[in-house]
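Visitor: I am attaching a structure below and will ask some questions about it afterwards.
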Amino acid sequence: MPDTITITDDRTGKTVTVPIEGGVFPASAVRELDPSLFIYDPAYMQTAACKSAITFLDGEAGILRYRGYPIEQLAERSTYLEVAYLLLNGELPNAAQLAQWQSDVTSHTFIHENMRKRFVDGFHYDAHPMGMLVSSLAALGTFYNDAKDIDSKPSRDKQILRLIAKTPTLAAMCYRFSVGLPFVYPSNDLSFPANFLNMMWKVGDYQVDPRLERAMDVLFILHADHEQNCGTTAMRVVGSSHADPYTSAAAAASALYGPLHGGANEAVVRMLTEIGHIDNVPAFIEDVKSGKGSRLMGFGHRVYKNFDPRATIIKKTAYEVFEVTGKNPLLDIALKLEEVALSDPYFIDRKLYPNVDFYSGLIYQALGFPVAMFTVLFAIPRTAGWLAHWQELLGDKEQKISRPRQWYTGTDAREYVPLVAR
Ligand code: CMC
């Protein structure tokens, strides 16, 4: 069977044959047929907008790999900082590289005092921490004159380091501001996740529980990248205009903020709280199916039509966290929802399975995070993925500024009508 596709324009009889490689054929085939012909693909359902060597995802089979390594092995054996290095550099670091990377990240965790004293202090007392983080990411770039120097590799590496190291500091600062607690400075003797937990929770002689530190790291690993999702695509689209990485990351974080993307775990906890009791689960499911209620948040995925492998790992991590913190009372409702949905033809036929957000919110809540912080917790590790894609984009000779086309459906040309005549 030839690995080609032949497209015929029936209006002209013109035919074009192009190769199919890795299940993809170039849209240039359409351009060759007729340069004024475009493909209509809302939400990019069938469009590969880039080549990428970072993350492999097979949604039908439920497979996720970073640079070839199965997510299950990374979650079991790696650390977030090692995974961030892997995503950015393509290979796992050796011992010396890892030590250098950890030391580099650790020595960039502090932020300029003006970020806290002037910028963050300007927010309203009840500002949403994710809204604060989005703006803080963009603002952070204004502190570095070299941020716009994206053509220089040393400068790019510097910004990457800064963003990875400082995002947890910004995140914790946004939280502490929102509850009126004094800011806790980074502790460079702590690991990446322990330092974050310490900046979040330190009051008096707070000590990070190593089991919770590990759980946080696993959650960071699971959220580090997920190929061309809405946020990463935003990063690439904004990055393609050669905006600096801070502004691009702010755009990516804005996309993540939405309830259909990173905001879903927040929506899951609200949904479970509203359901209130396992006896209410069947009626809730009926409302979802009839369209009377909302969607079943934390279920379904654009790409996964099978179990999201991250959801399976998160469910296991949830039990490990509950051993330390006590069980989240919403767990029983979640388990019942999962059981009912997975045996219901509505969900089976549409291949709707729990996604990464179904259980992550329960863990975050058990760890003490308020619901409003959930998307922030997603954004911290996703920074590594965003930057890996940003870097890949800038090095890709086939990429240009993103500029999709449209199918114009408005009125034809007409004469301007003066106000008195309307
Ligand atoms: N509950 C009930 N029905 C659903 C759900 C759901 N969670 N998700 C999809 N459907 C139905 C949908 O109504 C449609 O039914 P029909 O064919 O009868 O019209 C069918 O399944 C296909 O849905 P779709 O909206 O065309 O699918 P999509 O690929 O555009 O949406 C999604 C993907 C994630 C936005 C969607 O499944 C959803 O809204 N889920 C709930 C929100 C959520 O959990 N989001 C987190 C995504 S994972 C985190 C991440 O990676 O960012």
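By order of appearance in the structure tokens: chains A, B, ..., then residues from 1 within every chain, and ligands from 1 in the order shown.
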Step one, run DSSP on the backbone; step two, keep only residues of region 149-196 of chain A assigned to alpha helix (DSSP H); then write them as an NGL selection string.
Guide: :A and (153-179 or 192-196)
Visitor: I'd like the neighbourhood of region 75-84 of chain A as an mmCIF file with N, CA, C and O atoms, in the first residue's frame, where a residue qualifies if any of its atoms comes within 9 Å (using only C-alpha atoms), though same-chain residues fewer than 2 positions away should be ignored.
Guide:
```cif
data_model
loop_
_atom_site.group_PDB
_atom_site.id
_atom_site.type_symbol
_atom_site.label_atom_id
_atom_site.label_comp_id
_atom_site.auth_asym_id
_atom_site.auth_seq_id
_atom_site.Cartn_x
_atom_site.Cartn_y
_atom_site.Cartn_z
ATOM 1 N N TYR A 66 7.275 11.260 27.899
ATOM 2 C CA TYR A 66 8.085 12.470 27.720
ATOM 3 C C TYR A 66 9.416 12.027 27.110
ATOM 4 O O TYR A 66 10.131 11.226 27.721
ATOM 5 N N PRO A 70 8.099 6.452 29.454
ATOM 6 C CA PRO A 70 6.696 6.350 29.891
ATOM 7 C C PRO A 70 6.444 7.166 31.158
ATOM 8 O O PRO A 70 7.275 7.161 32.088
ATOM 9 N N ILE A 71 5.315 7.831 31.184
ATOM 10 C CA ILE A 71 4.980 8.692 32.324
ATOM 11 C C ILE A 71 4.956 7.884 33.628
ATOM 12 O O ILE A 71 5.316 8.394 34.688
ATOM 13 N N GLU A 72 4.566 6.614 33.527
ATOM 14 C CA GLU A 72 4.491 5.787 34.737
ATOM 15 C C GLU A 72 5.881 5.645 35.370
ATOM 16 O O GLU A 72 6.020 5.717 36.592
ATOM 17 N N GLN A 73 6.920 5.441 34.512
ATOM 18 C CA GLN A 73 8.281 5.271 35.049
ATOM 19 C C GLN A 73 8.812 6.576 35.625
ATOM 20 O O GLN A 73 9.479 6.591 36.663
ATOM 21 N N LEU A 86 14.832 16.955 31.293
ATOM 22 C CA LEU A 86 14.582 16.019 30.188
ATOM 23 C C LEU A 86 13.750 16.693 29.084
ATOM 24 O O LEU A 86 14.081 16.611 27.900
ATOM 25 N N LEU A 87 12.683 17.359 29.494
ATOM 26 C CA LEU A 87 11.813 18.007 28.507
ATOM 27 C C LEU A 87 12.573 19.070 27.728
ATOM 28 O O LEU A 87 12.449 19.181 26.519
ATOM 29 N N LEU A 88 13.401 19.816 28.452
ATOM 30 C CA LEU A 88 14.099 20.940 27.821
ATOM 31 C C LEU A 88 15.299 20.510 26.987
ATOM 32 O O LEU A 88 15.597 21.114 25.965
ATOM 33 N N ASN A 89 15.976 19.426 27.432
ATOM 34 C CA ASN A 89 17.224 19.053 26.775
ATOM 35 C C ASN A 89 17.148 17.777 25.960
ATOM 36 O O ASN A 89 18.092 17.437 25.252
ATOM 37 N N LEU A 92 17.817 12.591 29.770
ATOM 38 C CA LEU A 92 17.931 12.682 31.229
ATOM 39 C C LEU A 92 19.331 13.188 31.570
ATOM 40 O O LEU A 92 20.294 12.844 30.875
ATOM 41 N N PRO A 93 19.462 13.984 32.619
ATOM 42 C CA PRO A 93 20.807 14.475 32.970
ATOM 43 C C PRO A 93 21.642 13.378 33.629
ATOM 44 O O PRO A 93 21.088 12.489 34.273
ATOM 45 N N LEU A 98 22.716 16.994 36.558
ATOM 46 C CA LEU A 98 21.564 17.167 37.455
ATOM 47 C C LEU A 98 21.939 18.082 38.630
ATOM 48 O O LEU A 98 21.177 18.986 39.001
ATOM 49 N N TRP A 101 22.087 21.624 37.375
ATOM 50 C CA TRP A 101 20.738 22.121 37.071
ATOM 51 C C TRP A 101 19.996 22.453 38.362
ATOM 52 O O TRP A 101 19.389 23.510 38.494
ATOM 53 N N GLN A 102 20.094 21.535 39.342
ATOM 54 C CA GLN A 102 19.414 21.780 40.623
ATOM 55 C C GLN A 102 19.978 23.028 41.291
ATOM 56 O O GLN A 102 19.229 23.846 41.827
ATOM 57 N N VAL A 105 18.771 26.161 39.345
ATOM 58 C CA VAL A 105 17.364 26.496 39.615
ATOM 59 C C VAL A 105 17.250 27.071 41.025
ATOM 60 O O VAL A 105 16.619 28.110 41.249
ATOM 61 N N ILE A 164 11.386 28.797 35.428
ATOM 62 C CA ILE A 164 11.164 27.545 36.155
ATOM 63 C C ILE A 164 11.388 27.753 37.654
ATOM 64 O O ILE A 164 10.631 27.271 38.485
ATOM 65 N N PHE A 192 12.912 21.248 45.319
ATOM 66 C CA PHE A 192 11.967 22.089 44.587
ATOM 67 C C PHE A 192 10.548 21.989 45.179
ATOM 68 O O PHE A 192 9.949 23.007 45.537
ATOM 69 N N PRO A 193 10.009 20.764 45.350
ATOM 70 C CA PRO A 193 8.643 20.699 45.904
ATOM 71 C C PRO A 193 8.583 21.104 47.373
ATOM 72 O O PRO A 193 7.607 21.745 47.801
ATOM 73 N N ARG A 214 6.974 14.274 48.287
ATOM 74 C CA ARG A 214 7.058 13.354 47.140
ATOM 75 C C ARG A 214 5.758 13.417 46.307
ATOM 76 O O ARG A 214 5.795 13.440 45.076
ATOM 77 N N ASP A 217 5.791 16.361 44.170
ATOM 78 C CA ASP A 217 6.722 16.185 43.049
ATOM 79 C C ASP A 217 6.090 15.316 41.957
ATOM 80 O O ASP A 217 6.238 15.597 40.766
ATOM 81 N N VAL A 218 5.381 14.257 42.372
ATOM 82 C CA VAL A 218 4.718 13.379 41.393
ATOM 83 C C VAL A 218 3.662 14.182 40.626
ATOM 84 O O VAL A 218 3.563 14.090 39.394
ATOM 85 N N LEU A 219 2.901 14.992 41.341
ATOM 86 C CA LEU A 219 1.887 15.821 40.665
ATOM 87 C C LEU A 219 2.549 16.785 39.683
ATOM 88 O O LEU A 219 2.053 17.008 38.585
ATOM 89 N N PHE A 220 3.695 17.329 40.077
ATOM 90 C CA PHE A 220 4.424 18.219 39.171
ATOM 91 C C PHE A 220 4.883 17.447 37.920
ATOM 92 O O PHE A 220 4.786 17.949 36.799
ATOM 93 N N ILE A 221 5.385 16.232 38.117
ATOM 94 C CA ILE A 221 5.848 15.427 36.971
ATOM 95 C C ILE A 221 4.685 15.186 36.008
ATOM 96 O O ILE A 221 4.807 15.356 34.789
ATOM 97 N N LEU A 222 3.545 14.795 36.563
ATOM 98 C CA LEU A 222 2.387 14.444 35.722
ATOM 99 C C LEU A 222 1.864 15.636 34.925
ATOM 100 O O LEU A 222 1.252 15.455 33.879
ATOM 101 N N ALA A 224 3.783 18.199 33.840
ATOM 102 C CA ALA A 224 4.868 18.969 33.218
ATOM 103 C C ALA A 224 4.662 19.238 31.725
ATOM 104 O O ALA A 224 5.045 20.290 31.228
ATOM 105 N N ILE A 313 -2.358 7.255 37.852
ATOM 106 C CA ILE A 313 -1.264 7.513 38.810
ATOM 107 C C ILE A 313 -1.771 8.441 39.923
ATOM 108 O O ILE A 313 -1.469 8.249 41.109
ATOM 109 N N PRO A 381 4.387 23.365 37.252
ATOM 110 C CA PRO A 381 5.199 22.422 36.467
ATOM 111 C C PRO A 381 5.020 22.564 34.964
ATOM 112 O O PRO A 381 5.939 22.282 34.198
ATOM 113 N N THR A 383 5.114 25.043 33.306
ATOM 114 C CA THR A 383 6.086 26.026 32.815
ATOM 115 C C THR A 383 7.221 25.320 32.067
ATOM 116 O O THR A 383 7.684 25.801 31.026
ATOM 117 N N ALA A 384 7.639 24.155 32.570
ATOM 118 C CA ALA A 384 8.727 23.420 31.894
ATOM 119 C C ALA A 384 8.284 22.999 30.501
ATOM 120 O O ALA A 384 9.037 23.145 29.518
ATOM 121 N N GLY A 385 7.061 22.479 30.390
ATOM 122 C CA GLY A 385 6.546 22.057 29.086
ATOM 123 C C GLY A 385 6.414 23.243 28.139
ATOM 124 O O GLY A 385 6.839 23.188 26.984
ATOM 125 N N ALA A 388 9.812 24.224 26.948
ATOM 126 C CA ALA A 388 10.394 23.243 26.023
ATOM 127 C C ALA A 388 9.798 23.453 24.624
ATOM 128 O O ALA A 388 10.510 23.409 23.615
#
```
Visitor: To one decimal place in Å, what is the distance between CA of Met373 (chain A) and CA of Ala255 (chain A)?
Guide: 15.6 Å
Visitor: Could you please extract the residues within 9 Å of ligand 1, counting only C-alpha atoms and all ligand atoms, and hand them back as a short mmCIF file (atom, residue, chain, number, x, y, z; two decimals) with C-alpha atoms, in the first residue's frame?
Guide:
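And here is the file that came out, selection_21.cif:
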```cif
data_model
loop_
_atom_site.label_atom_id
_atom_site.label_comp_id
_atom_site.auth_asym_id
_atom_site.auth_seq_id
_atom_site.Cartn_x
_atom_site.Cartn_y
_atom_site.Cartn_z
CA ALA A 43 -10.48 23.87 17.19
CA MET A 45 -9.40 18.85 15.52
CA HIS A 223 1.54 18.02 34.78
CA HIS A 226 0.95 17.32 27.47
CA ASN A 229 -3.04 21.42 24.43
CA CYS A 230 -4.71 24.83 24.57
CA GLY A 231 -2.11 26.42 26.89
CA LEU A 256 -4.82 27.22 31.31
CA PRO A 259 -12.50 25.67 33.22
CA LEU A 260 -12.32 23.43 30.15
CA HIS A 261 -8.53 23.23 30.52
CA GLY A 262 -6.54 23.67 33.74
CA GLY A 263 -9.51 25.03 35.65
CA ALA A 264 -11.27 21.67 35.44
CA ASN A 265 -9.99 20.32 38.78
CA ALA A 267 -14.70 22.67 38.73
CA VAL A 268 -14.52 19.01 39.85
CA ILE A 285 -25.53 11.68 36.17
CA VAL A 288 -25.50 15.42 32.83
CA LYS A 289 -26.84 13.00 30.23
CA GLY A 291 -28.04 18.17 29.21
CA SER A 294 -23.38 20.66 33.64
CA ARG A 295 -20.89 18.26 32.12
CA LEU A 296 -19.31 15.66 34.33
CA MET A 297 -16.19 17.67 35.09
CA GLY A 298 -12.94 15.71 35.13
CA PHE A 299 -14.29 13.34 32.52
CA GLY A 300 -13.58 13.26 28.82
CA HIS A 301 -10.63 14.50 26.85
CA ARG A 302 -10.01 15.80 23.36
CA VAL A 303 -7.27 13.25 22.82
CA TYR A 304 -7.71 10.43 25.35
CA ASP A 308 -5.82 9.03 30.96
CA TYR A 346 -23.70 7.49 27.53
CA PHE A 347 -20.09 7.68 28.78
CA ASP A 349 -20.25 5.24 23.78
CA ARG A 350 -18.55 8.63 23.86
CA LYS A 351 -15.36 7.13 25.32
CA LEU A 352 -15.45 9.45 28.31
CA TYR A 353 -13.00 8.39 31.04
CA PRO A 354 -11.63 10.21 34.10
CA ASN A 355 -8.93 12.67 33.10
CA VAL A 356 -6.02 14.08 35.12
CA ASP A 357 -8.29 16.58 36.86
CA PHE A 358 -10.78 14.14 38.29
#
```
Visitor: Determine, counting only C-alpha atoms, which protein, DNA and RNA residues have an atom within 12 Å of an atom of region 25-28 of chain A; residues of the same chain fewer than 4 positions away are not included. Present the result as a CSV table (one decimal) with C-alpha atoms, in the first residue's frame.
Guide:
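result.csv, freshly written:
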```
chain,number,residue,atom,x,y,z
A,3,ASP,CA,2.2,5.9,1.9
A,4,THR,CA,0.7,8.7,-0.2
A,5,ILE,CA,-2.6,10.5,-0.5
A,6,THR,CA,-4.1,11.8,-3.7
A,7,ILE,CA,-6.5,14.7,-3.6
A,16,VAL,CA,-2.1,16.2,-6.3
A,17,THR,CA,-0.3,13.3,-4.6
A,18,VAL,CA,1.7,13.9,-1.4
A,19,PRO,CA,3.4,11.5,1.1
A,20,ILE,CA,1.8,10.5,4.4
A,21,GLU,CA,4.4,10.4,7.1
A,32,GLU,CA,-0.7,23.2,-4.7
A,33,LEU,CA,-4.2,22.3,-5.9
A,34,ASP,CA,-5.5,25.9,-5.5
A,35,PRO,CA,-3.7,28.6,-3.4
A,36,SER,CA,-7.1,30.1,-2.6
A,37,LEU,CA,-8.4,26.9,-1.1
A,38,PHE,CA,-8.4,26.4,2.7
A,39,ILE,CA,-9.2,23.6,5.1
A,40,TYR,CA,-12.0,24.4,7.6
A,41,ASP,CA,-10.9,22.8,10.9
A,46,GLN,CA,-7.5,17.4,12.6
A,47,THR,CA,-4.6,19.7,12.2
A,48,ALA,CA,-1.0,19.2,13.3
A,49,ALA,CA,0.4,22.7,13.6
A,50,CYS,CA,4.0,21.7,14.3
A,51,LYS,CA,6.4,18.9,14.4
A,398,GLU,CA,9.6,25.4,9.2
```
Visitor: Go ahead and compute the interatomic distance for CA of Ile54 (chain A) and CA of Asp225 (chain A), in Å to one decimal.
Guide: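 Between CA of Ile54 (chain A) and CA of Asp225 (chain A) the gap is 8.5 Å.
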Visitor: Can you pull out the residues contacting Phe110 (chain A)? Cut-off 10 Å, using only C-alpha atoms, and skip same-chain residues under 6 positions away; I want them as a list of chain:residue names.
Guide: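 So, after excluding close chain neighbours, the residues are A:Arg162, A:Ala165, A:Lys166, A:Thr167, A:Pro168, A:Thr169, A:Leu170, A:Tyr185, A:Pro186, A:Ser187, A:Asn188.
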Visitor: Keeping N, CA, C and O atoms, export the residues of the selection given above as a compact mmCIF listing (two decimals), in the first residue's frame.
Guide:
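Below is the file that was written, again_13.txt:
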```
# COMPACT_ATOMS: atom_id res chain seq x y z
N ARG A 162 15.08 31.17 34.94
CA ARG A 162 14.35 32.11 35.81
C ARG A 162 12.89 31.71 35.93
O ARG A 162 12.33 31.70 37.03
N ALA A 165 12.43 28.51 37.99
CA ALA A 165 12.77 28.70 39.41
C ALA A 165 11.81 29.66 40.11
O ALA A 165 11.52 29.48 41.30
N LYS A 166 11.34 30.67 39.41
CA LYS A 166 10.58 31.72 40.10
C LYS A 166 9.07 31.50 40.09
O LYS A 166 8.35 32.12 40.88
N THR A 167 8.56 30.64 39.20
CA THR A 167 7.10 30.46 39.16
C THR A 167 6.55 29.96 40.50
O THR A 167 5.53 30.49 40.97
N PRO A 168 7.21 28.98 41.17
CA PRO A 168 6.68 28.58 42.48
C PRO A 168 6.70 29.72 43.49
O PRO A 168 5.81 29.84 44.33
N THR A 169 7.72 30.56 43.40
CA THR A 169 7.82 31.69 44.33
C THR A 169 6.65 32.66 44.09
O THR A 169 5.99 33.11 45.04
N LEU A 170 6.39 32.94 42.81
CA LEU A 170 5.25 33.82 42.48
C LEU A 170 3.94 33.19 42.96
O LEU A 170 3.08 33.86 43.53
N TYR A 185 10.26 33.72 52.16
CA TYR A 185 11.31 33.70 51.13
C TYR A 185 11.71 32.27 50.80
O TYR A 185 11.58 31.37 51.65
N PRO A 186 12.20 32.03 49.58
CA PRO A 186 12.63 30.68 49.21
C PRO A 186 13.72 30.17 50.15
O PRO A 186 14.54 30.95 50.64
N SER A 187 13.72 28.86 50.39
CA SER A 187 14.77 28.22 51.20
C SER A 187 15.60 27.37 50.28
O SER A 187 15.12 26.33 49.80
N ASN A 188 16.81 27.81 50.05
CA ASN A 188 17.62 27.11 49.05
C ASN A 188 18.20 25.79 49.52
O ASN A 188 18.85 25.08 48.76
```
